[in-house]
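Here is the file target15.txt (compact mmCIF, C-alpha atoms).
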```
# COMPACT_ATOMS: atom_id res chain seq x y z
CA MET A 1 93.83 219.71 161.04
CA LEU A 2 90.26 220.74 161.68
CA LEU A 3 87.87 217.92 162.53
CA PRO A 4 84.18 218.78 162.17
CA ILE A 5 81.58 216.78 164.06
CA PRO A 6 80.27 214.67 162.49
CA PRO A 7 83.33 214.00 160.31
CA GLY A 8 82.67 213.75 156.60
CA GLN A 9 79.20 215.29 156.79
CA THR A 10 80.11 218.94 156.39
CA GLY A 11 79.37 218.88 152.66
CA ILE A 12 79.34 222.40 151.25
CA ALA A 13 80.59 223.84 154.57
CA ALA A 14 83.89 221.96 154.14
CA VAL A 15 84.30 223.40 150.66
CA GLN A 16 83.45 226.91 151.93
CA TRP A 17 85.88 226.66 154.88
CA THR A 18 88.67 225.42 152.63
CA THR A 19 87.99 228.10 150.01
CA THR A 20 87.73 230.90 152.56
CA THR A 21 91.15 230.01 153.98
CA LEU A 22 92.65 229.39 150.52
CA GLY A 23 93.26 225.79 151.54
CA ASP A 24 95.20 226.74 154.68
CA ILE A 25 92.92 224.68 156.95
CA PRO A 26 92.97 220.99 156.15
CA ILE A 27 89.69 219.31 157.11
CA ALA A 28 89.55 215.69 158.21
CA GLY A 29 86.88 213.82 156.32
CA GLY A 30 86.17 216.86 154.18
CA TYR A 31 84.27 216.83 150.94
CA PHE A 32 85.06 213.53 149.25
CA VAL A 33 83.41 211.27 146.70
CA GLY A 34 85.39 208.26 145.59
CA PRO A 35 86.10 204.55 145.87
CA ASN A 36 85.26 202.69 149.05
CA SER A 37 88.43 200.86 150.10
CA GLN A 38 86.46 198.65 152.50
CA LYS A 39 84.08 197.50 149.76
CA PRO A 40 86.01 197.47 146.46
CA ASP A 41 83.03 196.11 144.48
CA SER A 42 80.72 198.92 145.64
CA GLU A 43 79.78 201.96 143.59
CA GLY A 44 81.72 204.30 145.84
CA ILE A 45 81.40 206.34 148.97
CA PHE A 46 80.54 209.91 149.94
CA GLY A 47 82.91 210.99 152.69
CA PRO A 48 85.71 209.07 154.34
CA VAL A 49 85.68 205.37 155.16
CA PRO A 50 84.07 205.39 158.60
CA ARG A 51 86.44 205.07 161.55
CA PRO A 52 85.02 203.97 164.92
CA THR A 53 84.40 207.52 166.15
CA ILE A 54 82.59 208.48 162.94
CA ALA A 55 80.19 205.57 163.43
CA ILE A 56 79.19 206.91 166.86
CA PHE A 57 78.34 210.33 165.44
CA TYR A 58 76.46 208.94 162.44
CA LYS A 59 74.29 206.99 164.87
CA ILE A 60 73.65 210.14 166.90
CA MET A 61 72.93 212.19 163.77
CA TRP A 62 70.44 209.76 162.25
CA ALA A 63 68.96 207.94 165.27
CA GLY A 64 69.18 210.68 167.86
CA LYS A 65 70.69 208.24 170.35
CA ALA A 66 74.22 207.83 171.63
CA PRO A 67 75.58 204.41 172.44
CA PRO A 68 77.00 203.90 175.92
CA ILE A 69 80.59 205.17 175.92
CA GLY A 70 83.23 202.85 177.35
CA SER A 71 86.99 202.65 177.60
CA ALA A 72 87.30 201.07 174.12
CA ASP A 73 85.35 203.99 172.62
CA ARG A 74 87.64 206.48 174.38
CA ALA A 75 90.73 204.64 173.11
CA ASN A 76 89.28 204.58 169.58
CA ALA A 77 88.51 208.31 169.74
CA LEU A 78 92.08 209.08 170.76
CA ALA A 79 93.44 206.82 168.00
CA ASP A 80 91.11 208.48 165.47
CA LEU A 81 92.15 211.98 166.53
CA ARG A 82 95.77 210.95 166.08
CA TYR A 83 95.00 209.28 162.73
CA TRP A 84 93.46 212.54 161.50
CA HIS A 85 96.28 214.64 163.06
CA ALA A 86 93.48 216.70 164.60
CA SER A 87 94.29 220.03 166.22
CA VAL A 88 90.79 221.32 166.82
CA VAL A 89 87.36 219.73 166.76
CA VAL A 90 84.42 221.92 165.81
CA LEU A 91 80.69 221.43 166.26
CA HIS A 92 78.12 223.90 164.98
CA PRO A 93 75.36 224.28 167.60
CA ALA A 94 72.65 223.96 164.92
CA GLN A 95 73.93 220.52 163.87
CA ARG A 96 71.21 217.88 163.97
CA ASN A 97 71.30 216.36 167.51
CA GLY A 98 74.15 218.76 168.26
CA ASP A 99 73.65 218.83 172.05
CA LEU A 100 73.93 215.06 172.20
CA MET A 101 76.99 215.14 169.95
CA ARG A 102 78.62 217.75 172.20
CA ARG A 103 77.98 215.71 175.35
CA THR A 104 79.18 212.50 173.69
CA PHE A 105 82.41 213.98 172.33
CA THR A 106 83.08 215.56 175.72
CA ASP A 107 82.61 212.13 177.29
CA LEU A 108 84.93 210.54 174.72
CA ILE A 109 87.84 212.91 175.33
CA GLY A 110 87.27 213.94 178.94
CA PHE A 111 86.95 217.72 178.72
CA ALA A 112 84.32 220.24 177.67
CA PRO A 113 84.51 222.53 174.64
CA THR A 114 84.71 226.30 174.57
CA PHE A 115 82.10 228.33 172.70
CA VAL A 116 84.10 230.46 170.23
CA ASP A 117 82.69 232.68 167.48
CA GLY A 118 79.42 230.74 167.27
CA VAL A 119 80.78 227.17 167.38
CA TRP A 120 81.77 224.63 170.03
CA LEU A 121 85.52 224.12 169.90
CA TRP A 122 87.77 221.52 171.51
CA ASP A 123 91.52 222.12 171.31
CA VAL A 124 92.79 218.53 171.15
CA ARG A 125 96.46 219.28 170.51
CA PRO A 126 97.43 218.07 174.01
CA LEU A 127 95.90 214.69 173.08
CA THR A 128 97.39 214.37 169.62
CA GLY A 129 100.80 216.01 170.20
```
Kindly transcribe the structure held in the file into structure tokens.
Amino acid sequence: MLLPIPPGQTGIAAVQWTTTTLGDIPIAGGYFVGPNSQKPDSEGIFGPVPRPTIAIFYKIMWAGKAPPIGSADRANALADLRYWHASVVVLHPAQRNGDLMRRTFTDLIGFAPTFVDGVWLWDVRPLTG
């Protein structure tokens, strides 16, 4: 499973990645518009219901600030990666506040990404086994 940072905000890119691979790469939080299970009376939601790690990256994306990262955040990130069955996490360097997202995700999981074919890539399979 490919997890883009921030999850659920890849929009057209998620559709393009899925189409290019003929659906061979499942994308966590990919392109989705539907009911919001956390707020059944709402009109709906674009993207997945936010998990704790998603909330951190939405804050970074929109506010340009990362919250302090603690042990609970690290445990939530690991639980979220396992929930999504993530194999790799990808961050495009041109992503809004991308440098801060890269540093924050590195802090959450404890190791730096590798720059591969124009994107930052974390192989998280040892964490999600």
inquiry  = Taking all atoms listed in the file into account, name the residue in A:Ala66, A:Leu91, A:Ala72, A:Leu121 that is nearest to Thr104 (chain A).
reply    = A:Ala66
Atom pair CA of Asp41 (chain A) / CA of Pro6 (chain A): separation (Å) =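 Calculated distance between CA of Asp41 (chain A) and CA of Pro6 (chain A) is 26.0 Å.
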query = Nearest to Asp99 (chain A): which of A:Gly64, A:Pro35, A:Gly129, A:Gly44 is it, counting all atoms listed in the file?
reply =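 Distance minimum relative to Asp99 (chain A) lands on A:Gly64.
Of the residues under consideration (A:Ala75, A:Val116, A:Ala55, A:Val90), A:Val90 shows the shortest atom-to-atom contact distance to Arg102 (chain A) when counting all atoms listed in the file.
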task = Would you please work out which residue, of A:Val124, A:Ala94, A:Ile109, A:Met101, is nearest to Lys59 (chain A) when using only C-alpha atoms?
result = A:Met101
query = Which residue gives the smallest distance to Trp120 (chain A) among A:Ser71, A:Gln95, A:Thr53, A:Asn76, with all atoms listed in the file counted?
reply =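 Closest residue, counting all atoms listed in the file: A:Gln95.
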ask   = Mind pulling up the distance from CA of Ile69 (chain A) to CA of Ile54 (chain A)?
value =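 If I compute the distance from CA of Ile54 (chain A) to CA of Ile69 (chain A), I get 13.5 Å.
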Axis-aligned box over every listed atom of region 104-113 of chain A, padded by 8 Å per side: centre and edges in Å to one decimal, as JSON?
```
{"center_x": 83.5, "center_y": 216.5, "center_z": 175.6, "size_x": 24.7, "size_y": 28.0, "size_z": 22.6}
```
task = Would you mind reading off the distance between CA of Arg82 (chain A) and CA of Arg103 (chain A), one decimal, in Å?
result =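 The value is 20.6 Å.
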Nearest candidate to Gly110 (chain A) (options A:Arg125, A:Arg74, A:Lys65, A:Lys39; using only C-alpha atoms) =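 Selected residue with least distance to Gly110 (chain A): A:Arg74.
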